[in-house]
Structures are given as C-alpha cells and as structure tokens.
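S.K.: Structure below; questions to follow.
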Amino acid sequence: MKVHPLVRKEADPRLIRDDPRLEPASLEREMRLQDAAWKAPGGFVGWLSSVDHKSIGKRMILTAFVWFALAGLLAALMRLQLSRPENTFLGPDLYNQIFTTHGTAMMFLFATPVMLGVAVYIVPLEVGARAIAFPRLVAYGYWMFLFGGIFLFSNFFANVGPDVGWFSYVPLSGPEFGIGKRPDVWAQLITFSEISSLVIATALIVTILKLRTPGMSLSRISPYSWAMLIVAFMIVFAMPGVVLSSTCLILDRLVGTHFYNYAEGGDVLLWQHLFWFFGHPEVYIIFLPAVGMISPIISTFSRRPVFGYLAIILANISTAFIGFGVWVHHMFATGLPQFAASFFTVASVMIVIPTATQIFCWIATVWTGRGVRFTVPMLYVLSWFFVFTIGGLTGVMMAMVPMDLQIHDTFFIVAHFHYVLIGGAVFPLLGAIHYWFPKMTGRMLSEGIGKVALALLFIGFNLTFFPMHILGLHGMPRRVYTYPASMGWGSLNLLASIGAAVMFVALLVYLTNVIISLRAGAVAPDNPWDAATLEWATSSPPPVYNFAFMRAVGSRDPLWQPELDAPIIIGLNPEKCEILVTHLLDAEPDHRYPSPGPSIWPLLAAIATSVLFVWSIYTPWGVVWGAIPLTITLIGWFWPKSGRTPREVERELSRLEPKEATS
C-alpha cells in the first residue's frame, strides 16, 4: 500500500490509498457530505456571491461575447461607412469614437478575457483540482471586467467614448489635443481590464503549479494547461507596462505631470515604447491560448497522443520569450536608428520558427493518427491552418524595415492583424467552445448547423479582410472615415463590406446553434469525444467540487492510458471545502487547504474599486475619498469564513436526506 504522509500533523497520514474498492455505503455517504459542504447559497444573492470557477468561467465567456457583439456592430457601422466613397452615413467625430471603441473592446474586453474565461473553467478540471486557487480573487477579477465594459460602452452611448484609437497615441491623447474626458475614459478602462487579467493570471499560475492531482508531474500537464501557464506569466510581465503608460497619461491630463510633454523634458516616444512593450506580447497572450486549444482537438480527433509534446511546450515558451523582444517593429517609422531596428527585424522573423515547429508536430499527429474524424472542432482547426498562415506570412513581410515603411498605417496592417487575431485566435476559440460545450452544459451542439456556420465564417472572413491587403498596397490609409471616388478604392471596400455581412450571418448561425442546443440538444455523456484529458473524467456538467473522488494519474493521457492500480485520493474532509495542495515538480501530496466559500465581498470590493476609478477621472480627491469604501470592503473580504462547520453540513444533509441522515 502506497503511503504519502502530509506535511500537517493533523492531516490523515494516508492521503492516498491503492485499493479503489472502498465500501459503497461509505462512498455514497461521503458524496452526500460533499454535496452539502460545497452547496452554494440559493437565490439572487447566492448567484452574486458564487466563487465556483465553472460559474465564473461561463460568466466571463458570456460577458466577453456580449462585448464582442457590441464591438462587432460598431465594425458593421464602419464597413457601411466605407462601402462607398464620399459616404455621409457617419461623421468624422462619431467615426473616431466608433473605431476606437471597437478596437478597445475587441482587444481589452474580448480577446484576452474570453481566453481567460475558458481557462478559468477548463484548467482546474484538466489538472485534476477540486477548485481554482484564490476563488474570491477570480470572482473579483470577473466583476472588474464586467464593470469595465459597462464603463466603456455607457460612455460611448453618452457621446463621451474615446476617440484617439485603441492605442491612444500621445500627444493626440494628451492634455494639449485630447479635449474633454474621452482619453480619460480610455485610460481608466485599461486599468479595469488589466487588474482583472492580472488577478486571474495569478490564480491560474498557482492552480497549475500547486493544485494538480497527484502524479501529474510537470511533464504530464496537458499542452493546453501549459499554454495557459505561459500566458499567465506573460500577463504578469507585460500588462504592468500598459498600466504604467495609461497611469502616466492620466496623470499628465489630470494632475499636470509631464511624462509625455517634450517641452517640459518628457518624451512622446516613451508612450509607444511602454504601450508596445505590452502591445506585442498581448498578441501572443491572445494567440497562445488558441494554440493550446488546437493540441487537444487534433489529438482527440486523430485518435493518438499529440506528436512532439516536448517540442510543442518548448515552442510556446520560446514564443513567449521572443514576443517580449519585437515591440519596436511597431515603431520602424518613428526615426529609430536603423542598426537598432535590424535586431528587432531579426527577432520578428525568428518568432515564426516556434509556431512552424508546432504546425509540423500537428501535421505529424494527423498523419500518424488512427483515422481523422472531421468534426466541427477539427474543421475549425483545419481552417485555422489556412488563415493563420496568411497572417504569419504578412507579418514576416512587415518585419522588413523597407516594406514596413511603405505599408505603415495602411489597410495592409488592418488586414494583417485581423488575419492574426481573428484567424489565429477566434477560429480555434469557436472550435474549442464547440469541443467543450458538452462539458460546460451537458448538451451537444449540432454538427450540421456548426458546419454551415464554419463555411459562412470562412468565406465571409476572407472576403472581408483579404481585399484590405490590396487596398493597403494601393495606398489606402487606415483610420479614415471616407475617401474620394477618384482613388479607385470603392469596389474593394464594397467587397469587404459584403464579406462582413456574411461573417455576421455566420456568427448568427453559430449563436442559433448554441440556443437550440441549450434548449433541445442531445444530452451529452461524460466523455462524448472519447478524449484523453482529465476534464472528461467527471460528469457533464461537473459538480461544484469537480470530482466526486480524486484519482492520481500516471501518464499524459490518463483516460487513454488508465493506471489499473491508480490510487484514489482520500483524507480530504468531506464536511469542509478542502482542496489538495501538491509539490511543484512531481505533484506529490503536500497538505490540505480550505477553499474559501461563497462571498459577496468580491462584488462589493469591485464596486468600490470602480467608484474610485470613475471618481478619479473628475477629481484627484476621488482617489482619497474612494479609498474609504474600498478599505471597508477589503476588511470584510479578509475576514472570511472558510467553509461550513460540520454542524452546518449535518443540518444541510438532514434537509436534503432527512430519513437517511436520521438513520
């Protein structure tokens, strides 16, 4: 019998036991105790106070798609305006607000948060944890994300939306030219978004490194969880840069500092360095989760473990490191020394090597598989190969200084980053949602409707953005609200607008599939795809505590290579919300830890933080007076009640099963 003593003396000295044949009556009793201990309060207040990572993950995904829909409607208005020359549908002021709010929402309210939302739901399940680390902090991160989106769009509809681009370059956004509160709205939205991302990234790092089920060593973590671990560290290192830049901007505007005022010793280019030090790693913060999603989809539907596991992990790490050394290729037109620019050209070309390595590994996985199943998730991945290759090739073109100087600030750039971001991230994301939808909802999406949505999206996407390459090469600048007919850009812009309409129909079909499946879709079994990773080892949808009985693993694909003697994990108190903490390298059991229960304090703290941020736009005293309610909520937060007492659990159990509890 294997014995793993715990660090804490009061813990059960036999946390893991080999024999899985425990007494059925004892197991059933333990499950009922767990149901009672982990049960969340009912009603609206209970919903607001939930800290279950699955509930928060679904909320983040849904909220991100709401902001995506609003930003998409703004994109549709821009395409209507540009569909013909000298159009008067939108005026220049409103157009500036529209394209700024569109880009800001897509980058800060959709692309990163939706990837984090999927990770918040899937990663704890995939590493075999019963809960996410710091669940109240994750709930706080969600509320900050929600309030940030409300703040941005409410100001837009009040005609105070930011109008200086999603990158808010100074001096246009500075106090000299940025009149009114519009640039301040942008700067504070950044603070909302980055606080949310930073706290959730922290929780993911701790979850992956310390809450894995026993036996899941670092060499057995799935490629998706590895990708999210890398992305979480990238967020920790990259996002303070944009927080610093936006804070300096708002201090220049509201307090009278001169960080970016050249006349007073500041530096205008400092903004671009700070912003793009975040901005280019941000592209990979969006892209690497999508890359992580591709590996389990290809592995599952090729019926073999992913080829080149170590190469894929090292490629992701290499992409993260190189991604921090390419930001200056956004600044080739600013007059930097050409010798210095050459180093960033080299880095910008080198960064395609890790991605190419992964592509060859995936091709080998498909090639050597046991027969590919062309399901909707697999078709999304195959579509990704095409669209992302175009985006990657145009990226290499832009890395060359002479080429970049010719196409800088043209529609060629718009085409490139949409091929990279939509093609490189949204295609795998939609495929992954189709893949994990049964686990999240207990229902299957329709394969037929899903294939129609994919076909329309693929056609509409290429009709929309491929002509923009040609428009850019013909000299059409970006960020213009109209253009003269004599330039000859009208036909390609009309084609792009038609493609945007096809994309709208495709996403509407996808949404219809989701709604129909939620109401009348086929009931999903626990593992409908016969996948290999641990999230499929529990029910669909999972219980609050994820796994009724945790089991150690002995391979990278535990559901394809089950250990016949895989020990069941015992010793966690079923009358409390306890989670198992394991060692960093080999995931050996370390100690038990009480997971914080539902609480309203994260919501109240997020409200107080939001009040402070919004108030500070109008007066610096908002920081002083706004800190008072924030301090009160933090005091309440740090006086938590760590789960229910055994007496409370017994009362809950008696209410659920009075006869059995009495006997």
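For the structure tokens, the naming scheme is as follows: chains receive sequential letters (A, B, ...) according to their order of presentation, residues are indexed from 1 within each chain, and ligands are indexed from 1 in presentation order.
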Between segment 42-101 of chain A and segment 106-110 of chain A, at 9 Å or less, what are the per-residue closest atom pairs and their distances in Å? Count only C-alpha atoms, order by chain and rising residue number, and return it as CSV.
M.R.:
```
residue,atom,partner,partner_atom,distance
A:Ile61,CA,A:Phe110,CA,8.7
A:Thr63,CA,A:Phe110,CA,8.5
A:Ala64,CA,A:Phe110,CA,4.8
A:Phe65,CA,A:Phe110,CA,6.8
A:Val66,CA,A:Phe110,CA,8.7
A:Trp67,CA,A:Phe110,CA,6.5
A:Phe68,CA,A:Phe110,CA,5.8
A:Ala71,CA,A:Met106,CA,6.5
A:Gly72,CA,A:Met106,CA,8.5
A:Thr101,CA,A:Met106,CA,8.4
```
S.K.: Next, write the just-selected residues to a file, as a CSV table (one decimal), in the first residue's frame, keeping N, CA, C and O atoms as the atom set.
M.R.:
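Result saved to selection-v8.csv:
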```csv
chain,number,residue,atom,x,y,z
A,61,ILE,N,-17.0,34.1,-20.3
A,61,ILE,CA,-17.2,33.8,-21.7
A,61,ILE,C,-18.4,34.5,-22.2
A,61,ILE,O,-18.4,35.1,-23.3
A,63,THR,N,-20.0,37.2,-21.0
A,63,THR,CA,-19.9,38.6,-21.0
A,63,THR,C,-18.9,39.1,-22.1
A,63,THR,O,-19.2,40.1,-22.8
A,64,ALA,N,-17.8,38.3,-22.3
A,64,ALA,CA,-16.9,38.7,-23.4
A,64,ALA,C,-17.6,38.6,-24.7
A,64,ALA,O,-17.4,39.5,-25.6
A,65,PHE,N,-18.5,37.7,-25.0
A,65,PHE,CA,-19.2,37.6,-26.2
A,65,PHE,C,-20.2,38.7,-26.4
A,65,PHE,O,-20.5,39.1,-27.5
A,66,VAL,N,-20.8,39.2,-25.3
A,66,VAL,CA,-21.6,40.4,-25.3
A,66,VAL,C,-20.9,41.6,-25.8
A,66,VAL,O,-21.3,42.3,-26.7
A,67,TRP,N,-19.7,41.8,-25.2
A,67,TRP,CA,-18.9,42.9,-25.7
A,67,TRP,C,-18.4,42.7,-27.1
A,67,TRP,O,-18.3,43.7,-27.9
A,68,PHE,N,-18.1,41.4,-27.5
A,68,PHE,CA,-17.8,41.1,-28.9
A,68,PHE,C,-18.9,41.5,-29.8
A,68,PHE,O,-18.6,42.1,-30.9
A,71,ALA,N,-19.0,45.3,-30.1
A,71,ALA,CA,-17.9,45.8,-30.9
A,71,ALA,C,-18.1,45.4,-32.4
A,71,ALA,O,-17.7,46.1,-33.3
A,72,GLY,N,-18.7,44.2,-32.6
A,72,GLY,CA,-19.0,43.8,-34.0
A,72,GLY,C,-20.0,44.7,-34.7
A,72,GLY,O,-19.9,45.0,-35.9
A,101,THR,N,-13.6,52.7,-30.0
A,101,THR,CA,-14.4,51.8,-29.0
A,101,THR,C,-14.3,50.4,-29.6
A,101,THR,O,-14.2,49.4,-28.8
```
S.K.: Pick out the residues sitting within 9 Å of Leu421 of chain A, and hand them over as a list in words; count only C-alpha atoms, and ignore anything fewer than 6 positions along from it in its own chain.
M.R.: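 After dropping sequence-adjacent residues, the list is Ala111, Val283, Ile286, Phe287, Phe388 and Gly391 of chain A.
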S.K.: With only C-alpha atoms as the basis for distance, which of A:Met503, A:Ile312, A:Glu194, A:Phe374 is at the shortest distance from Ile422 of chain A?
M.R.: A:Met503
S.K.: Quick one: residues within 8 Å of segment 429-438 of chain A, only C-alpha atoms, excluding same-chain residues fewer than 4 positions away - as a VMD selection string?
M.R.: chain A and resid 115 290 293 to 294 297 376 to 381 425 442 to 445 524 to 525 528 540 to 541
S.K.: Got a sec: who's within 9 Å of segment 344-358 of chain A, counting only C-alpha atoms, leaving out chain neighbours fewer than 6 positions off, as a CSV table (one decimal) with C-alpha atoms, in the first residue's frame?
M.R.:
```
chain,number,residue,atom,x,y,z
A,291,VAL,CA,-2.5,27.3,-29.9
A,308,GLY,CA,6.3,16.1,-30.3
A,311,ALA,CA,8.7,20.4,-28.8
A,312,ILE,CA,5.3,22.0,-28.5
A,313,ILE,CA,5.8,23.1,-24.9
A,314,LEU,CA,9.3,24.5,-25.7
A,315,ALA,CA,7.9,26.3,-28.8
A,316,ASN,CA,5.3,28.0,-26.6
A,317,ILE,CA,8.0,29.1,-24.1
A,318,SER,CA,10.2,30.3,-27.0
A,319,THR,CA,7.3,32.3,-28.5
A,322,ILE,CA,10.8,36.2,-28.2
A,323,GLY,CA,7.5,38.0,-28.0
A,325,GLY,CA,11.7,41.4,-27.9
A,326,VAL,CA,9.8,42.5,-31.0
A,327,TRP,CA,7.8,45.5,-29.9
A,328,VAL,CA,9.9,48.1,-31.8
A,329,HIS,CA,8.8,46.7,-35.2
A,392,GLY,CA,2.0,34.9,-40.4
A,393,LEU,CA,3.5,35.5,-43.9
A,395,GLY,CA,3.8,39.5,-40.5
A,396,VAL,CA,7.2,38.5,-41.9
A,397,MET,CA,6.8,41.0,-44.7
A,398,MET,CA,6.1,43.8,-42.2
A,399,ALA,CA,9.2,42.8,-40.2
A,400,MET,CA,11.3,44.1,-43.0
A,401,VAL,CA,12.0,47.8,-42.5
```
S.K.: In terms of the shortest atom-to-atom distance over only C-alpha atoms, which of A:Thr533, A:Thr619, A:Ser197, A:Asn96 is closest to Phe156 of chain A?
M.R.: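 Of the candidates, the smallest distance to Phe156 of chain A is held by A:Asn96.
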